[in-house]
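All remarks here apply to the structure that follows.
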Amino acid sequence: MDDFEQLLKNALGRKEQPPAFEAKVFAAVADFKTRRRIFWRWASEIVAVMLLAGGFWMRYERETQDRAAGEAAKARLQLALKVTVTELSKIQKTVRTSTEEE
Amino acid sequence: MVFSLAFHFLRDTGAAEEVAQDVFLRLYREMDGLESDKHVTLWLRKVTSHRCIDYLRKRRSQFTISLEDTNEPSAVEQRGDPLLNRRLRQLIAALPAKPRIVMVLRYQEDLTPEEISEVLEMPVRTVKSHLQRSLAMLREKIERSMGDIR
């Protein structure tokens, strides 16, 4: 290191931090901790609300599907009964006709 | 070290405090990933250097005041001729960001070009080139303004 470099070293000597700096850093860390705590509390509450809403939605969906399936089954049963009634009427008609002929 | 690095790079106590505070906050957040004192020192130098360059870039886009025009902050610990020291600091502050941080790391932190290369993640050849060019430029300017000091 030559003289000029030594001059540079002198010019760039360590500068001590201001007296209040340490307190400011601790305050910033404390503030960060508080903000992080608030963030996590909000985040957990939002997740809980979303889970609850998801649960309700799934339940509603299942009920809607069950109701639709019930309606479809009822419609099928009604159709089957109608077909049966029609067939029975035909059979009854046939039996009545053959009895009258005898 | 952190405040001093930022201070010599930015030549502004308020800005240096802001950068240093930000660096310590990041240190607190990333403490778990740091294994040893040596690792912490390297990390601090690295993050401070990059944060200083970013800060300067952002500030330049907001203000166009030349660093040469800014006032010399008071209470700088110094040895030797105060006028010469002040002039040298002004000249270093007028360097572009990369050569400036290289000079500060070299002459404040006393790092070798290899160590600077590790901190700034740049090739050793580039570090040496920045040092040589900055030294030549500073020598020339100081000689022109104050006479031959070698």
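Ordered as shown in the structure tokens, chains take letters A, B, and onward, while each chain numbers its residues from 1 and ligands are numbered from 1 in the order shown.
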
Chain B residues near chain A (6 Å cut-off, only C-alpha atoms) as a PyMOL selection string:
chain B and resi 3-4+21+79+85+107-108

Per DSSP on the backbone, filter segment 4-142 of chain B down to the residues in helix (DSSP H, G or I) and report them as a PyMOL selection string.
chain B and resi 4-10+13-33+37-62+67-69+82-93+97-107+113-120+124-142
